[in-house]
$ cat run-v2.txt   # compact mmCIF, C-alpha atoms
# COMPACT_ATOMS: atom_id res chain seq x y z
CA MET A 1 13.93 48.29 33.08
CA ALA A 2 12.81 48.26 29.51
CA THR A 3 9.15 47.99 30.49
CA GLU A 4 9.45 51.02 32.68
CA THR A 5 11.02 52.81 29.78
CA HIS A 6 8.15 52.04 27.46
CA SER A 7 5.44 52.95 29.88
CA ALA A 8 7.21 56.18 30.73
CA THR A 9 8.38 57.48 27.39
CA GLY A 10 5.64 56.18 25.17
CA ASP A 11 5.63 53.79 22.26
CA GLY A 12 7.04 56.06 19.59
CA LEU A 13 10.64 55.64 20.66
CA ALA A 14 10.26 51.95 21.30
CA ASP A 15 8.84 51.39 17.82
CA ALA A 16 11.67 53.40 16.39
CA VAL A 17 14.35 51.12 17.88
CA GLY A 18 12.33 47.96 17.26
CA VAL A 19 12.37 46.63 20.80
CA ASP A 20 8.64 46.30 20.85
CA THR A 21 8.50 42.51 20.66
CA HIS A 22 10.99 42.16 23.48
CA ALA A 23 8.94 44.57 25.47
CA ALA A 24 5.86 42.46 24.90
CA ALA A 25 7.77 39.39 26.04
CA ASP A 26 9.08 41.12 29.09
CA ALA A 27 5.64 42.35 29.93
CA ALA A 28 4.58 38.76 30.38
CA PRO A 29 5.95 36.99 33.43
CA GLY A 30 9.25 35.19 32.98
CA MET A 31 7.71 32.06 31.58
CA PRO A 32 5.45 32.16 28.51
CA GLN A 33 4.10 28.86 29.85
CA LEU A 34 2.39 30.81 32.65
CA ASP A 35 0.82 33.37 30.31
CA PHE A 36 -2.77 32.35 30.94
CA SER A 37 -4.11 34.48 28.08
CA SER A 38 -2.78 31.90 25.59
CA PHE A 39 -4.23 28.89 27.44
CA PRO A 40 -7.66 28.72 25.73
CA ASN A 41 -5.97 28.93 22.34
CA GLN A 42 -3.53 26.11 23.11
CA MET A 43 -6.21 23.93 24.66
CA PHE A 44 -8.54 24.40 21.72
CA TRP A 45 -5.91 23.53 19.14
CA LEU A 46 -4.67 20.61 21.23
CA VAL A 47 -8.15 19.12 21.37
CA VAL A 48 -8.55 19.63 17.61
CA THR A 49 -5.16 17.98 17.02
CA LEU A 50 -5.84 15.03 19.28
CA VAL A 51 -9.25 14.43 17.73
CA VAL A 52 -7.76 14.56 14.23
CA ILE A 53 -4.96 12.17 15.22
CA TYR A 54 -7.45 9.84 16.90
CA LEU A 55 -9.66 9.77 13.83
CA VAL A 56 -6.72 9.20 11.49
CA LEU A 57 -5.40 6.40 13.69
CA THR A 58 -8.69 4.58 14.28
CA ARG A 59 -10.10 5.03 10.77
CA VAL A 60 -6.98 4.40 8.69
CA ALA A 61 -3.64 3.78 10.31
CA LEU A 62 -4.27 1.26 13.08
CA PRO A 63 -6.64 -1.08 11.18
CA ARG A 64 -4.26 -1.02 8.24
CA ILE A 65 -1.16 -1.82 10.32
CA ALA A 66 -3.08 -4.48 12.25
CA ALA A 67 -4.16 -6.02 8.92
CA ILE A 68 -0.59 -5.97 7.62
CA LEU A 69 0.71 -7.62 10.77
CA ALA A 70 -2.10 -10.19 10.76
CA GLU A 71 -1.49 -10.95 7.10
CA ARG A 72 2.21 -11.41 7.72
CA GLN A 73 1.44 -13.62 10.71
CA GLY A 74 -0.95 -15.60 8.53
CA THR A 75 1.65 -16.01 5.80
CA ILE A 76 4.22 -17.16 8.32
CA THR A 77 1.76 -19.57 9.92
CA ASN A 78 0.77 -20.96 6.50
CA ASP A 79 4.38 -21.38 5.51
CA LEU A 80 5.12 -23.11 8.79
CA ALA A 81 2.11 -25.39 8.31
CA ALA A 82 3.23 -26.22 4.76
CA ALA A 83 6.71 -26.94 6.04
CA GLU A 84 5.23 -29.15 8.75
CA ASP A 85 3.19 -30.95 6.08
CA LEU A 86 6.22 -31.54 3.90
CA LYS A 87 8.17 -32.73 6.89
CA ALA A 88 5.41 -35.21 7.75
CA LYS A 89 5.43 -36.40 4.16
CA ALA A 90 9.17 -36.85 4.26
CA VAL A 91 8.89 -38.83 7.47
CA GLU A 92 6.16 -40.94 5.88
CA ALA A 93 8.30 -41.58 2.82
CA GLU A 94 11.22 -42.52 5.01
CA ALA A 95 9.03 -44.91 6.97
CA ALA A 96 7.77 -46.48 3.75
CA TYR A 97 11.33 -46.81 2.49
CA ASN A 98 12.41 -48.40 5.75
CA GLN A 99 9.42 -50.73 5.62
CA ALA A 100 10.28 -51.77 2.08
CA LEU A 101 13.87 -52.30 3.10
CA ALA A 102 12.82 -54.44 6.07
CA ASP A 103 10.42 -56.44 3.88
CA ALA A 104 13.09 -57.03 1.31
CA ARG A 105 15.48 -58.10 4.01
CA THR A 106 13.05 -60.59 5.56
CA GLU A 107 12.19 -61.91 2.11
CA ALA A 108 15.86 -62.30 1.34
CA GLN A 109 16.36 -64.08 4.62
CA ALA A 110 13.43 -66.36 3.88
CA ILE A 111 14.86 -67.14 0.48
CA VAL A 112 18.27 -67.77 1.98
CA ALA A 113 16.74 -70.03 4.65
CA LYS A 114 14.72 -71.90 2.08
CA ALA A 115 17.70 -72.36 -0.19
CA LYS A 116 19.74 -73.48 2.77
CA ALA A 117 17.07 -75.98 3.77
CA GLU A 118 16.83 -77.33 0.22
CA ILE A 119 20.55 -77.64 -0.05
CA GLN A 120 20.67 -79.29 3.36
CA ALA A 121 17.99 -81.77 2.30
CA ASP A 122 19.84 -82.56 -0.93
CA LEU A 123 23.04 -82.84 1.02
CA ASP A 124 21.45 -85.18 3.56
CA VAL A 125 20.10 -87.39 0.80
CA ALA A 126 23.47 -87.40 -0.94
CA ILE A 127 25.30 -88.13 2.31
CA GLN A 128 22.90 -90.95 3.11
CA LYS A 129 23.32 -92.37 -0.33
CA ALA A 130 27.07 -92.00 -0.10
CA ASP A 131 27.06 -93.60 3.35
CA ALA A 132 24.99 -96.50 2.06
CA GLU A 133 27.29 -96.86 -0.92
CA ILE A 134 30.31 -96.68 1.32
CA ALA A 135 28.80 -99.27 3.65
CA ALA A 136 28.00 -101.54 0.72
CA LYS A 137 31.46 -101.04 -0.76
CA SER A 138 33.17 -101.70 2.56
CA ALA A 139 31.05 -104.80 3.17
CA GLU A 140 31.96 -106.05 -0.29
CA SER A 141 35.61 -105.27 0.34
CA GLU A 142 35.54 -107.06 3.68
CA LYS A 143 34.01 -110.04 1.99
CA ALA A 144 36.66 -109.92 -0.70
CA ILE A 145 39.39 -109.58 1.91
CA ALA A 146 37.94 -112.53 3.85
CA GLU A 147 37.84 -114.57 0.69
CA ILE A 148 41.36 -113.56 -0.15
CA ARG A 149 42.45 -114.36 3.39
CA ALA A 150 40.77 -117.79 3.21
CA GLY A 151 42.36 -118.35 -0.19
CA ALA A 152 45.71 -117.37 1.23
CA MET A 153 45.31 -119.84 4.15
CA ASP A 154 44.61 -122.69 1.73
CA SER A 155 47.53 -121.65 -0.44
CA ILE A 156 49.81 -121.49 2.59
CA LYS A 157 48.68 -124.94 3.61
CA VAL A 158 49.39 -126.30 0.13
CA VAL A 159 52.74 -124.50 -0.13
CA ALA A 160 53.72 -125.53 3.39
CA THR A 161 52.75 -129.13 2.73
CA ASP A 162 54.63 -129.17 -0.51
CA THR A 163 57.65 -127.46 1.03
CA ALA A 164 57.60 -129.77 4.04
CA ALA A 165 57.34 -132.81 1.80
CA GLU A 166 60.16 -131.52 -0.31
CA LEU A 167 62.27 -130.80 2.77
CA VAL A 168 61.55 -134.20 4.20
CA ALA A 169 62.44 -135.76 0.87
CA VAL A 170 65.63 -133.79 0.60
CA LEU A 171 66.61 -134.69 4.12
CA GLY A 172 66.22 -138.33 3.06
CA GLY A 173 63.18 -139.15 4.89
CA LYS A 174 60.09 -140.78 3.71
CA ALA A 175 57.28 -138.31 3.47
CA ASP A 176 54.20 -139.38 5.20
CA ASP A 177 51.45 -137.13 3.85
CA LYS A 178 49.19 -137.62 6.76
CA ALA A 179 51.79 -136.78 9.36
CA ILE A 180 52.93 -133.72 7.48
CA GLY A 181 49.33 -132.55 7.05
CA SER A 182 48.57 -132.82 10.72
CA ALA A 183 51.86 -131.16 11.68
CA ILE A 184 51.19 -128.20 9.44
CA SER A 185 47.66 -127.87 10.67
CA ASP A 186 49.03 -127.86 14.24
CA ARG A 187 51.60 -125.21 13.40
CA LEU A 188 49.11 -122.99 11.56
CA LYS A 189 46.71 -123.12 14.42
CA GLY A 190 49.46 -122.24 16.87
CA MET B 1 16.72 54.34 28.93
CA ALA B 2 15.96 52.54 25.73
CA SER B 3 19.56 53.09 24.77
CA GLU B 4 20.51 51.33 27.96
CA ALA B 5 18.58 48.25 26.87
CA HIS B 6 20.29 48.61 23.52
CA GLY B 7 23.65 48.77 25.27
CA ALA B 8 23.00 45.49 27.01
CA GLU B 9 22.48 43.85 23.64
CA GLU B 10 25.65 45.26 22.28
CA GLY B 11 27.49 43.78 25.25
CA GLY B 12 27.24 40.42 23.51
CA LEU B 13 25.33 38.34 26.04
CA VAL B 14 21.64 38.37 25.32
CA PHE B 15 19.63 35.80 27.20
CA HIS B 16 16.19 35.22 25.85
CA PRO B 17 15.94 31.49 26.49
CA MET B 18 12.20 31.62 27.02
CA ASP B 19 11.33 33.61 23.89
CA GLN B 20 11.05 30.40 21.92
CA PHE B 21 8.01 29.43 23.99
CA ILE B 22 5.98 32.58 23.27
CA VAL B 23 2.64 31.87 21.67
CA LYS B 24 2.22 34.22 18.69
CA PRO B 25 -0.55 34.61 16.14
CA LEU B 26 0.44 33.36 12.71
CA PHE B 27 -1.18 36.31 10.93
CA GLY B 28 -1.07 39.84 12.22
CA ASP B 29 -0.23 40.87 15.71
CA GLY B 30 -3.53 41.06 17.50
CA PRO B 31 -4.65 39.53 20.76
CA ILE B 32 -4.90 35.75 20.97
CA ALA B 33 -8.45 34.46 21.05
CA TRP B 34 -9.20 30.75 21.55
CA TYR B 35 -9.67 30.23 17.81
CA THR B 36 -6.73 32.33 16.55
CA PRO B 37 -4.36 30.30 14.38
CA THR B 38 -1.05 30.60 16.23
CA ASN B 39 2.33 28.92 16.10
CA VAL B 40 0.72 26.31 18.36
CA THR B 41 -1.69 25.54 15.53
CA LEU B 42 1.14 25.39 13.00
CA TRP B 43 3.32 22.96 14.94
CA MET B 44 0.44 20.79 16.09
CA GLY B 45 -0.66 20.64 12.46
CA LEU B 46 2.84 19.62 11.46
CA ALA B 47 2.72 16.89 14.12
CA VAL B 48 -0.51 15.62 12.59
CA LEU B 49 1.11 15.62 9.14
CA ALA B 50 4.14 13.81 10.52
CA ILE B 51 1.91 11.14 12.04
CA ILE B 52 -0.02 10.78 8.79
CA ALA B 53 3.25 10.46 6.86
CA LEU B 54 4.63 7.94 9.31
CA LEU B 55 1.60 5.73 9.91
CA VAL B 56 -0.57 6.19 6.84
CA LEU B 57 1.57 7.06 3.83
CA SER B 58 4.39 4.68 4.69
CA THR B 59 1.99 1.77 5.04
CA SER B 60 0.07 2.49 1.83
CA LYS B 61 1.75 -0.41 -0.01
CA ARG B 62 0.75 -2.89 2.69
CA ALA B 63 3.87 -4.89 1.89
CA ILE B 64 4.41 -8.29 3.45
CA VAL B 65 8.11 -7.48 3.46
CA PRO B 66 8.05 -3.92 4.84
CA SER B 67 9.93 -0.89 3.57
CA ARG B 68 11.84 1.26 6.07
CA GLY B 69 8.92 3.61 6.67
CA GLN B 70 6.47 0.78 7.06
CA SER B 71 8.90 -0.90 9.46
CA ILE B 72 8.89 2.18 11.65
CA ALA B 73 5.09 2.31 11.61
CA GLU B 74 4.90 -1.37 12.54
CA LEU B 75 7.52 -0.93 15.25
CA ALA B 76 5.60 2.01 16.73
CA TYR B 77 2.37 0.00 16.62
CA GLY B 78 3.97 -3.07 18.16
CA PHE B 79 5.81 -1.02 20.78
CA VAL B 80 2.70 0.75 22.08
CA TYR B 81 0.47 -2.30 21.68
CA LYS B 82 2.84 -4.48 23.68
CA MET B 83 3.19 -1.77 26.32
CA VAL B 84 -0.59 -1.53 26.76
CA GLU B 85 -0.96 -5.29 26.83
CA ASP B 86 1.89 -5.84 29.29
CA VAL B 87 1.03 -3.04 31.69
CA ALA B 88 -2.75 -2.72 31.54
CA GLY B 89 -3.49 -6.35 30.71
CA LYS B 90 -5.53 -8.03 27.98
CA ASP B 91 -8.67 -6.03 28.76
CA GLY B 92 -6.70 -2.78 28.46
CA VAL B 93 -6.11 -3.43 24.77
CA LYS B 94 -9.41 -1.80 23.75
CA TYR B 95 -8.01 1.53 25.03
CA PHE B 96 -4.94 1.08 22.83
CA PRO B 97 -6.04 3.68 20.20
CA TYR B 98 -6.28 6.40 22.85
CA ILE B 99 -2.84 5.65 24.24
CA MET B 100 -1.43 5.37 20.72
CA THR B 101 -2.92 8.82 19.96
CA LEU B 102 -1.28 10.37 23.02
CA PHE B 103 2.06 8.63 22.42
CA MET B 104 2.25 9.49 18.73
CA PHE B 105 1.28 13.12 19.35
CA ILE B 106 3.83 13.58 22.14
CA VAL B 107 6.67 11.83 20.36
CA CYS B 108 6.08 13.73 17.10
CA ALA B 109 5.64 17.09 18.84
CA ASN B 110 8.79 16.47 20.89
CA PHE B 111 10.88 15.60 17.85
CA LEU B 112 9.47 18.48 15.79
CA GLY B 113 10.37 20.77 18.68
CA LEU B 114 14.01 19.77 18.22
CA ILE B 115 14.14 21.43 14.81
CA PRO B 116 15.96 24.74 15.23
CA MET B 117 13.62 27.79 15.30
CA SER B 118 10.64 25.52 15.85
CA PHE B 119 8.01 25.74 18.55
CA THR B 120 7.65 22.93 21.07
CA THR B 121 3.97 22.49 21.81
CA THR B 122 4.59 19.87 24.50
CA SER B 123 6.72 22.30 26.50
CA HIS B 124 3.57 24.14 27.48
CA ILE B 125 1.84 23.35 30.73
CA ALA B 126 -1.51 24.16 29.12
CA VAL B 127 -1.01 21.34 26.61
CA THR B 128 0.30 18.71 29.00
CA VAL B 129 -2.27 19.54 31.67
CA VAL B 130 -5.10 18.98 29.22
CA MET B 131 -3.71 15.57 28.33
CA ALA B 132 -2.90 14.62 31.92
CA MET B 133 -6.33 15.76 33.15
CA ALA B 134 -8.01 13.88 30.31
CA VAL B 135 -6.17 10.73 31.37
CA PHE B 136 -6.91 11.34 35.06
CA LEU B 137 -10.62 12.01 34.57
CA THR B 138 -11.07 9.16 32.09
CA VAL B 139 -9.33 6.69 34.37
CA THR B 140 -11.24 7.82 37.47
CA ILE B 141 -14.63 7.77 35.76
CA LEU B 142 -13.80 4.43 34.14
CA GLY B 143 -12.81 3.01 37.52
CA PHE B 144 -16.10 4.01 39.14
CA TYR B 145 -18.09 2.94 36.08
CA LEU B 146 -16.53 -0.54 36.01
CA HIS B 147 -16.29 -1.24 39.75
CA GLY B 148 -18.67 1.20 41.43
CA ALA B 149 -17.80 2.02 45.02
CA SER B 150 -15.39 -0.90 45.21
CA PHE B 151 -13.03 1.19 43.09
CA LEU B 152 -12.23 2.95 46.38
CA LYS B 153 -10.53 -0.25 47.53
CA LEU B 154 -7.65 1.03 45.44
CA PHE B 155 -6.88 3.24 48.43
CA TRP B 156 -7.57 0.59 51.06
CA ILE B 157 -4.57 -1.72 51.03
CA SER B 158 -5.91 -4.96 52.47
CA SER B 159 -2.49 -6.60 52.57
CA ALA B 160 -1.21 -4.00 55.08
CA PRO B 161 -1.72 -4.29 58.86
CA LEU B 162 -5.07 -2.87 59.95
CA ALA B 163 -3.53 -0.10 62.06
CA LEU B 164 -1.56 1.20 59.09
CA ARG B 165 -4.41 1.16 56.61
CA PRO B 166 -5.94 4.59 57.35
CA ILE B 167 -2.54 6.24 57.09
CA LEU B 168 -1.76 4.37 53.89
CA ALA B 169 -5.19 5.27 52.55
CA LEU B 170 -4.46 8.95 53.16
CA ILE B 171 -1.11 8.67 51.40
CA GLU B 172 -2.70 6.75 48.52
CA VAL B 173 -5.43 9.38 48.10
CA ILE B 174 -2.90 12.22 48.07
CA SER B 175 -0.66 10.40 45.62
CA TYR B 176 -3.68 9.66 43.44
CA PHE B 177 -4.59 13.33 43.16
CA VAL B 178 -0.97 14.36 42.62
CA ARG B 179 -0.82 12.08 39.57
CA PRO B 180 -2.10 14.56 36.96
CA VAL B 181 0.20 17.25 38.34
CA SER B 182 3.35 15.14 38.13
CA HIS B 183 2.14 13.58 34.90
CA SER B 184 1.85 16.95 33.16
CA ILE B 185 4.74 18.85 34.75
CA ARG B 186 7.17 16.00 34.07
CA LEU B 187 6.67 16.27 30.33
CA ALA B 188 6.43 20.06 30.06
CA GLY B 189 9.33 20.59 32.46
CA ASN B 190 11.63 18.20 30.63
CA MET B 191 10.90 19.69 27.24
CA MET B 192 11.14 23.30 28.43
CA ALA B 193 14.33 22.84 30.44
CA GLY B 194 16.23 21.14 27.64
CA HIS B 195 15.26 23.74 25.06
CA ALA B 196 16.02 26.62 27.41
CA VAL B 197 19.45 25.17 28.21
CA ILE B 198 20.24 24.89 24.49
CA LYS B 199 19.26 28.56 24.07
CA VAL B 200 21.47 29.62 26.97
CA PHE B 201 24.44 27.82 25.48
CA ALA B 202 23.60 29.37 22.11
CA ALA B 203 23.79 32.83 23.70
CA PHE B 204 27.26 32.03 25.03
CA ALA B 205 28.33 31.21 21.47
CA ALA B 206 28.42 34.98 20.81
CA ILE B 207 31.64 35.18 22.82
CA THR B 208 34.42 34.08 20.49
CA ALA B 209 36.65 32.59 23.17
CA ILE B 210 34.10 30.09 24.43
CA ALA B 211 32.18 29.62 21.18
CA PRO B 212 33.69 26.18 20.35
CA LEU B 213 32.89 24.93 23.83
CA SER B 214 29.40 26.34 23.50
CA VAL B 215 28.81 24.62 20.16
CA LEU B 216 30.09 21.37 21.64
CA ALA B 217 27.75 21.77 24.61
CA ILE B 218 24.80 22.50 22.31
CA THR B 219 25.59 19.34 20.36
CA ALA B 220 25.77 17.26 23.53
CA ILE B 221 22.56 18.71 24.97
CA TYR B 222 20.84 18.22 21.62
CA ALA B 223 21.77 14.54 21.65
CA LEU B 224 20.46 14.28 25.19
CA GLU B 225 17.27 16.05 24.15
CA VAL B 226 16.69 13.55 21.35
CA LEU B 227 16.81 10.84 23.98
CA VAL B 228 14.63 12.81 26.40
CA SER B 229 12.04 13.50 23.66
CA PHE B 230 11.45 9.80 23.16
CA ILE B 231 11.75 8.81 26.81
CA GLN B 232 9.25 11.44 27.96
CA ALA B 233 6.70 10.30 25.39
CA TYR B 234 7.31 6.72 26.54
CA VAL B 235 7.00 7.69 30.21
CA PHE B 236 3.77 9.58 29.56
CA ALA B 237 2.29 6.62 27.70
CA ILE B 238 3.41 3.97 30.18
CA LEU B 239 2.11 6.00 33.15
CA THR B 240 -1.20 6.29 31.34
CA CYS B 241 -1.16 2.49 31.05
CA VAL B 242 -0.37 2.14 34.75
CA TYR B 243 -3.27 4.44 35.69
CA LEU B 244 -5.50 2.52 33.31
CA LYS B 245 -4.49 -0.72 35.00
CA ASP B 246 -5.55 0.77 38.36
CA ALA B 247 -8.95 1.58 36.90
CA LEU B 248 -9.36 -1.89 35.37
CA HIS B 249 -7.97 -3.86 38.33
CA PRO B 250 -8.25 -1.66 41.46
CA HIS B 251 -7.69 -4.61 43.83
CA HIS B 252 -4.07 -4.94 44.78

$ encode --input "run-v2.txt" --output "structure tokens"
Amino acid sequence: MATETHSATGDGLADAVGVDTHAAADAAPGMPQLDFSSFPNQMFWLVVTLVVIYLVLTRVALPRIAAILAERQGTITNDLAAAEDLKAKAVEAEAAYNQALADARTEAQAIVAKAKAEIQADLDVAIQKADAEIAAKSAESEKAIAEIRAGAMDSIKVVATDTAAELVAVLGGKADDKAIGSAISDRLKG
Amino acid sequence: MASEAHGAEEGGLVFHPMDQFIVKPLFGDGPIAWYTPTNVTLWMGLAVLAIIALLVLSTSKRAIVPSRGQSIAELAYGFVYKMVEDVAGKDGVKYFPYIMTLFMFIVCANFLGLIPMSFTTTSHIAVTVVMAMAVFLTVTILGFYLHGASFLKLFWISSAPLALRPILALIEVISYFVRPVSHSIRLAGNMMAGHAVIKVFAAFAAITAIAPLSVLAITAIYALEVLVSFIQAYVFAILTCVYLKDALHPHH
């Protein structure tokens, strides 16, 4: 409608009411996207823009970001390697500590065994000596006992003879030493 | 008759959802030649500045422990790099700067377009077609350059039964040539539709009774558009990677 108006009545009125820009828009088909007269302009500026962006990216931005990322990766890798190193060292130290502990233990055991053996040897010697002493003492004792026993037998014989003679005398008999002796010997044997 | 047009405006509802996409010269009012500095120039320039601020200025300290800005730059780098590596493979990595250029331009242009009163360069078919055609031609030429005629095996699916292969080849060829069309219209369409919808809701805000609802709707659509802005840049970049993969490894 408005376009018809402008073409019919001239531009003076349209300018007066300020609808000119709308008229221009309406003159184009519904979509400005299909206004082919603006295509070369858009394409030209697009190509300029893309080229500028491409140059900025490839010359400055992308290498810089790649370097930053690589550097960070490097730092992380180095730190990880250092950590790995320290860990290995710690493991090594632990192994050394364990080794020392084991050595000390075996040494201690050796010392204990040696001491035990020495003590055992001393003990054996002492026991042997004691046994020998005991054997000697017991042999001596047995001898003494035998002597005492023999002494006792003789004493008994003497006492018995005397007692028998006394008894015989008391009973009014005549003591015959020989008979008494043989009788006592018989009795003692039996 | 002019008063009639005037009357329509006074009625309250003025729909000019597409006005925001008009390409205008920055200085004066003349015709638009290919070299004229226009609002396209302005907003593309701002996108370049945004990229420089994001990727160059924020990384100027080269900190081992990154600042927020540097973190974003590193995230963007890692995001696109990983995408190229995962989709296009190890040998696709040397094309990473090109894909990074496209991704950064689209994502910055999309986000700048969300500023009220701004101009969304990526909502224009002319812009997205140039990028999509550049990708399409590069990938096709690269495919023939690297593999010669055996690049055509891309269309000859040897794992399919022999009888089906010609039909599949036809479908593959058609889908191959449709790629730049869908590639470009997807981005431009998404950006244009969202912005136009916001404008329509904004026009409804002139009616007092439904103004709160309208503002709420604008807020919701805006949030959606923020999401769409990123997703469309991502989709454009990942499709570029997929096409690149086809050129590098055409054998299924």

$ interface_residues --input "run-v2.txt" --of "chain B" --to "chain A" --cutoff "8 Å" --atoms "all atoms listed in the file" --output "PyMOL selection string"
chain B and resi 1-2+5+18-19+21-23+32-36+40-41+44-45+48+51-52+55-56+59+62-64+73-74+77+97-98+101-102+105+123-127+130

$ atom_distance --input "run-v2.txt" --atom1 "CA of Ile76 (chain A)" --atom2 "CA of Val65 (chain B)"
11.5 Å

$ atom_distance --input "run-v2.txt" --atom1 "CA of Phe79 (chain B)" --atom2 "CA of Thr240 (chain B)"
14.6 Å

$ residues_around --input "run-v2.txt" --residues "region 159-173 of chain A" --least-positions-apart "5" --cutoff "7 Å" --atoms "all atoms listed in the file" --output "PDB file with C-alpha atoms, keeping the file's coordinate frame"
ATOM      1  CA  ILE A 180      52.930-133.720   7.480  1.00  0.00           C
ATOM      2  CA  GLY A 181      49.330-132.550   7.050  1.00  0.00           C
ATOM      3  CA  ILE A 184      51.190-128.200   9.440  1.00  0.00           C
TER       4      ILE A 184
END

$ closest_residue --input "run-v2.txt" --among "B:His147, B:Lys199, B:Lys245, B:Lys82" --to "Pro17 (chain B)" --atoms "all atoms listed in the file"
B:Lys199

$ atom_distance --input "run-v2.txt" --atom1 "CA of Ala233 (chain B)" --atom2 "CA of Leu146 (chain B)"
27.7 Å

$ residues_around --input "run-v2.txt" --residues "region 172-179 of chain B" --least-positions-apart "3" --cutoff "8 Å" --atoms "all atoms listed in the file" --output "list of chain:residue names"
B:Phe136, B:Phe155, B:Leu168, B:Ala169, B:Ser182, B:His183

$ write_last_selection --input "run-v2.txt" --atoms "C-alpha atoms" --output "compact mmCIF listing (two decimals), in the coordinates of the input"
# COMPACT_ATOMS: atom_id res chain seq x y z
CA PHE B 136 -6.91 11.34 35.06
CA PHE B 155 -6.88 3.24 48.43
CA LEU B 168 -1.76 4.37 53.89
CA ALA B 169 -5.19 5.27 52.55
CA SER B 182 3.35 15.14 38.13
CA HIS B 183 2.14 13.58 34.90

$ residues_around --input "run-v2.txt" --residues "Leu137 (chain B)" --least-positions-apart "6" --cutoff "10 Å" --atoms "all atoms listed in the file" --output "ChimeraX atom specification"
/B:131,143,180

$ closest_residue --input "run-v2.txt" --among "B:Val139, B:Leu152, B:Met104, B:Ile207" --to "Phe236 (chain B)" --atoms "only C-alpha atoms"
B:Met104

$ decode --input "run-v2.txt" --residues "region 79-101 of chain A" --atoms "C-alpha atoms" --output "short mmCIF file (atom, residue, chain, number, x, y, z; two decimals), in the first residue's frame"
data_model
loop_
_atom_site.label_atom_id
_atom_site.label_comp_id
_atom_site.auth_asym_id
_atom_site.auth_seq_id
_atom_site.Cartn_x
_atom_site.Cartn_y
_atom_site.Cartn_z
CA ASP A 79 56.37 -32.49 38.37
CA LEU A 80 55.06 -36.00 37.92
CA ALA A 81 58.54 -37.23 36.99
CA ALA A 82 60.02 -35.51 40.06
CA ALA A 83 57.34 -37.06 42.21
CA GLU A 84 58.09 -40.45 40.67
CA ASP A 85 61.79 -39.89 41.41
CA LEU A 86 61.13 -38.99 45.02
CA LYS A 87 58.85 -41.97 45.36
CA ALA A 88 61.57 -44.26 44.00
CA LYS A 89 64.02 -42.73 46.44
CA ALA A 90 61.62 -43.29 49.30
CA VAL A 91 61.18 -46.91 48.25
CA GLU A 92 64.95 -47.27 48.06
CA ALA A 93 65.38 -45.78 51.52
CA GLU A 94 62.72 -48.09 52.87
CA ALA A 95 64.44 -51.07 51.29
CA ALA A 96 67.77 -50.00 52.79
CA TYR A 97 66.14 -49.57 56.17
CA ASN A 98 64.53 -52.98 55.93
CA GLN A 99 67.85 -54.48 54.85
CA ALA A 100 69.61 -52.90 57.81
CA LEU A 101 66.88 -54.14 60.10
#
